[in-house]
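Q: Dropping in model05.pdb, with PDB, C-alpha atoms.
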```pdb
ATOM      1  CA  MET A 299    -184.259  75.992-114.247
ATOM      2  CA  TRP A 300    -180.825  77.344-115.193
ATOM      3  CA  LEU A 301    -180.406  79.119-118.524
ATOM      4  CA  LEU A 302    -178.085  76.464-119.857
ATOM      5  CA  ASP A 303    -180.622  73.782-118.947
ATOM      6  CA  GLN A 304    -183.353  75.656-120.826
ATOM      7  CA  TRP A 305    -181.109  76.026-123.859
ATOM      8  CA  ALA A 306    -180.205  72.315-123.825
ATOM      9  CA  GLU A 307    -183.819  71.226-123.370
ATOM     10  CA  ARG A 308    -184.919  73.385-126.308
ATOM     11  CA  HIS A 309    -182.294  71.868-128.586
ATOM     12  CA  ILE A 310    -183.104  68.331-127.437
ATOM     13  CA  ARG A 311    -186.829  68.843-128.145
ATOM     14  CA  ASP A 312    -186.027  70.267-131.591
ATOM     15  CA  ALA A 313    -183.792  67.285-132.380
ATOM     16  CA  GLN A 314    -186.488  64.857-131.188
ATOM     17  CA  LYS A 315    -189.072  66.509-133.441
ATOM     18  CA  LYS A 316    -186.709  66.224-136.398
ATOM     19  CA  GLY A 317    -186.101  62.526-135.619
ATOM     20  CA  GLU A 318    -182.362  62.960-135.127
ATOM     21  CA  PHE A 319    -182.324  60.467-132.232
ATOM     22  CA  ASP A 320    -184.237  57.705-134.004
ATOM     23  CA  ASP A 321    -181.270  55.812-135.490
ATOM     24  CA  LEU A 322    -178.707  56.151-132.701
ATOM     25  CA  PRO A 323    -176.769  53.044-131.654
ATOM     26  CA  GLY A 324    -178.045  51.509-128.415
ATOM     27  CA  ARG A 325    -181.595  52.785-128.947
ATOM     28  CA  GLY A 326    -184.011  50.923-126.679
ATOM     29  CA  GLU A 327    -181.251  49.512-124.467
ATOM     30  CA  PRO A 328    -180.941  50.394-120.778
ATOM     31  CA  LEU A 329    -178.414  53.049-119.803
ATOM     32  CA  VAL A 330    -175.553  52.403-117.390
ATOM     33  CA  LEU A 331    -176.097  55.427-115.168
ATOM     34  CA  GLU A 332    -173.569  54.679-112.463
ATOM     35  CA  ASP A 333    -170.277  53.618-113.952
ATOM     36  CA  ASP A 334    -167.959  53.420-110.985
ATOM     37  CA  SER A 335    -165.316  51.287-112.678
ATOM     38  CA  HIS A 336    -162.741  54.062-112.183
ATOM     39  CA  ILE A 337    -163.130  53.755-108.387
ATOM     40  CA  SER A 338    -161.299  51.003-106.571
ATOM     41  CA  PRO A 339    -163.607  48.212-105.328
ATOM     42  CA  GLU A 340    -162.663  48.957-101.704
ATOM     43  CA  LEU A 341    -163.989  52.534-101.960
ATOM     44  CA  ARG A 342    -167.124  51.990-104.047
ATOM     45  CA  ALA A 343    -169.469  51.217-101.157
ATOM     46  CA  GLY A 344    -168.237  54.201 -99.141
ATOM     47  CA  TYR A 345    -168.528  56.581-102.094
ATOM     48  CA  ARG A 346    -172.019  55.321-102.885
ATOM     49  CA  LEU A 347    -173.032  55.794 -99.239
ATOM     50  CA  LEU A 348    -171.731  59.393 -99.219
ATOM     51  CA  LYS A 349    -173.429  60.145-102.541
ATOM     52  CA  ASN A 350    -176.773  58.743-101.384
ATOM     53  CA  ALA A 351    -176.509  60.788 -98.176
ATOM     54  CA  GLY A 352    -176.140  63.962-100.245
ATOM     55  CA  CYS A 353    -172.555  64.706 -99.211
ATOM     56  CA  LEU A 354    -170.586  66.918-101.554
ATOM     57  CA  PRO A 355    -166.887  67.768-101.789
ATOM     58  CA  PRO A 356    -166.103  70.924 -99.767
ATOM     59  CA  GLU A 357    -165.735  73.149-102.844
ATOM     60  CA  LEU A 358    -169.115  72.105-104.236
ATOM     61  CA  GLU A 359    -170.755  72.524-100.846
ATOM     62  CA  GLN A 360    -169.301  76.039-100.621
ATOM     63  CA  ARG A 361    -170.487  76.775-104.168
ATOM     64  CA  ARG A 362    -174.020  75.644-103.259
ATOM     65  CA  GLU A 363    -173.961  77.798-100.129
ATOM     66  CA  ALA A 364    -172.682  80.801-102.109
ATOM     67  CA  VAL A 365    -175.529  80.455-104.614
ATOM     68  CA  GLU A 366    -178.047  80.300-101.761
ATOM     69  CA  LEU A 367    -176.555  83.417-100.140
ATOM     70  CA  ALA A 368    -176.580  85.287-103.454
ATOM     71  CA  ASP A 369    -180.251  84.390-103.907
ATOM     72  CA  LEU A 370    -181.041  85.566-100.373
ATOM     73  CA  LEU A 371    -179.260  88.865-100.992
ATOM     74  CA  LYS A 372    -181.314  89.454-104.140
ATOM     75  CA  GLY A 373    -184.476  89.087-102.075
ATOM     76  CA  ILE A 374    -183.719  91.595 -99.321
ATOM     77  CA  ARG A 375    -183.167  95.349 -99.319
ATOM     78  CA  GLN A 376    -179.784  96.886 -98.547
ATOM     79  CA  ASP A 377    -181.128  98.617 -95.452
ATOM     80  CA  ASP A 378    -182.170  95.246 -93.998
ATOM     81  CA  PRO A 379    -180.011  94.409 -90.955
ATOM     82  CA  ARG A 380    -179.208  90.959 -92.363
ATOM     83  CA  HIS A 381    -177.808  92.358 -95.613
ATOM     84  CA  SER A 382    -174.343  93.244 -94.300
ATOM     85  CA  GLU A 383    -173.872  89.874 -92.575
ATOM     86  CA  LEU A 384    -174.988  87.921 -95.656
ATOM     87  CA  SER A 385    -172.747  90.059 -97.889
ATOM     88  CA  ARG A 386    -169.780  89.403 -95.646
ATOM     89  CA  ARG A 387    -170.420  85.645 -95.624
ATOM     90  CA  LEU A 388    -170.788  85.625 -99.396
ATOM     91  CA  ALA A 389    -167.530  87.568 -99.868
ATOM     92  CA  LEU A 390    -165.701  85.080 -97.631
ATOM     93  CA  LEU A 391    -167.104  82.105 -99.528
ATOM     94  CA  GLU A 392    -166.215  83.706-102.840
ATOM     95  CA  LEU A 393    -162.634  84.195-101.626
ATOM     96  CA  LYS A 394    -162.428  80.550-100.526
ATOM     97  CA  LEU A 395    -163.760  79.365-103.891
ATOM     98  CA  ARG A 396    -161.241  81.488-105.778
ATOM     99  CA  GLN A 397    -158.430  80.167-103.612
ATOM    100  CA  ALA A 398    -159.594  76.639-104.477
ATOM    101  CA  GLY A 399    -159.301  77.567-108.166
ATOM    102  CA  MET A 400    -163.014  77.809-108.916
ATOM    103  CA  ASN A 401    -164.518  80.502-111.124
ATOM    104  CA  THR A 402    -167.056  82.670-109.275
ATOM    105  CA  ASP A 403    -168.676  84.448-112.245
ATOM    106  CA  PHE A 404    -171.890  82.542-111.509
ATOM    107  CA  LEU A 405    -172.381  84.719-108.424
ATOM    108  CA  HIS A 406    -172.478  88.003-110.294
ATOM    109  CA  GLY A 407    -175.066  87.237-112.948
ATOM    110  CA  GLU A 408    -172.854  88.483-115.772
ATOM    111  CA  TYR A 409    -172.476  84.985-117.163
ATOM    112  CA  GLY A 410    -176.233  84.431-117.207
ATOM    113  CA  GLU A 411    -176.845  87.713-118.988
ATOM    114  CA  ARG A 412    -174.227  86.957-121.651
ATOM    115  CA  LEU A 413    -175.639  83.466-122.114
ATOM    116  CA  MET A 414    -179.179  84.823-122.568
ATOM    117  CA  GLN A 415    -177.893  87.295-125.178
ATOM    118  CA  LYS A 416    -176.202  84.443-127.030
ATOM    119  CA  LEU A 417    -179.320  82.283-126.870
ATOM    120  CA  ASN A 418    -181.511  85.120-128.155
ATOM    121  CA  GLU A 419    -179.166  85.604-131.124
ATOM    122  CA  GLU A 420    -179.773  82.011-132.280
TER     123      GLU A 420
END
```
Represent the structure contained in this file as structure tokens.

A:
Amino acid sequence: MWLLDQWAERHIRDAQKKGEFDDLPGRGEPLVLEDDSHISPELRAGYRLLKNAGCLPPELEQRREAVELADLLKGIRQDDPRHSELSRRLALLELKLRQAGMNTDFLHGEYGERLMQKLNEE
């Protein structure tokens, strides 16, 4: 589980224990989980089909692949023959993500470390 998820879950559990969710409007009513009113009716079926098939926009697919490569690199030694190839692929993906305007701090672990420090201060 990601650090941010752990932090959110902890705060949600604390709020539940304190009863902060007990008097919210809409309590006990079903949630509308898929509001696709912003999508034209002609595209809704196609978008739903792509979503159910697990298709992602190219930038998010590249981000997912970059995270997988970073995890693989953490698990192998630098003298492993695969290390240089995986590093090269990760560097290329990182470049593509930056060119698409996405932040790549998530690949370097600095963000996670800073977030853990912040969470421990609370």

Q: What does the distance between atom CA of Leu367 of chain A and atom CA of Arg396 of chain A come to in Å, to one decimal place?

A: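 A separation of 16.4 Å between them.
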
Q: Please enclose the listed atoms of segment 377-387 of chain A in an axis-aligned box, pad each side by 5 Å, and write out the centre and the three edge lengths in Å, rounded to one decimal, as lines of an AutoDock Vina configuration file.

A:
```
center_x = -176.0
center_y = 92.1
center_z = -94.4
size_x = 22.4
size_y = 23.0
size_z = 16.9
```

Q: Expanded to explicit residues, what is the PyMOL selection byres ((chain A and resi 354-365) around 8) for this file, as a list in words?

A: Leu348, Lys349, Gly352, Cys353, Glu366, Leu367, Ala368, Asp369, Leu388, Leu391, Glu392, Leu395, Ala398 and Leu405 of chain A

Q: How far is it from atom CA of Leu329 of chain A to atom CA of Leu302 of chain A, in Å with one decimal?

A: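 Separation of atom CA of Leu329 of chain A and atom CA of Leu302 of chain A: 23.4 Å.
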
Q: At what distance in Å, to one decimal, does atom CA of Gly399 of chain A lie from atom CA of Ser385 of chain A?

A: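 Between atom CA of Ser385 of chain A and atom CA of Gly399 of chain A the gap works out to 21.0 Å.
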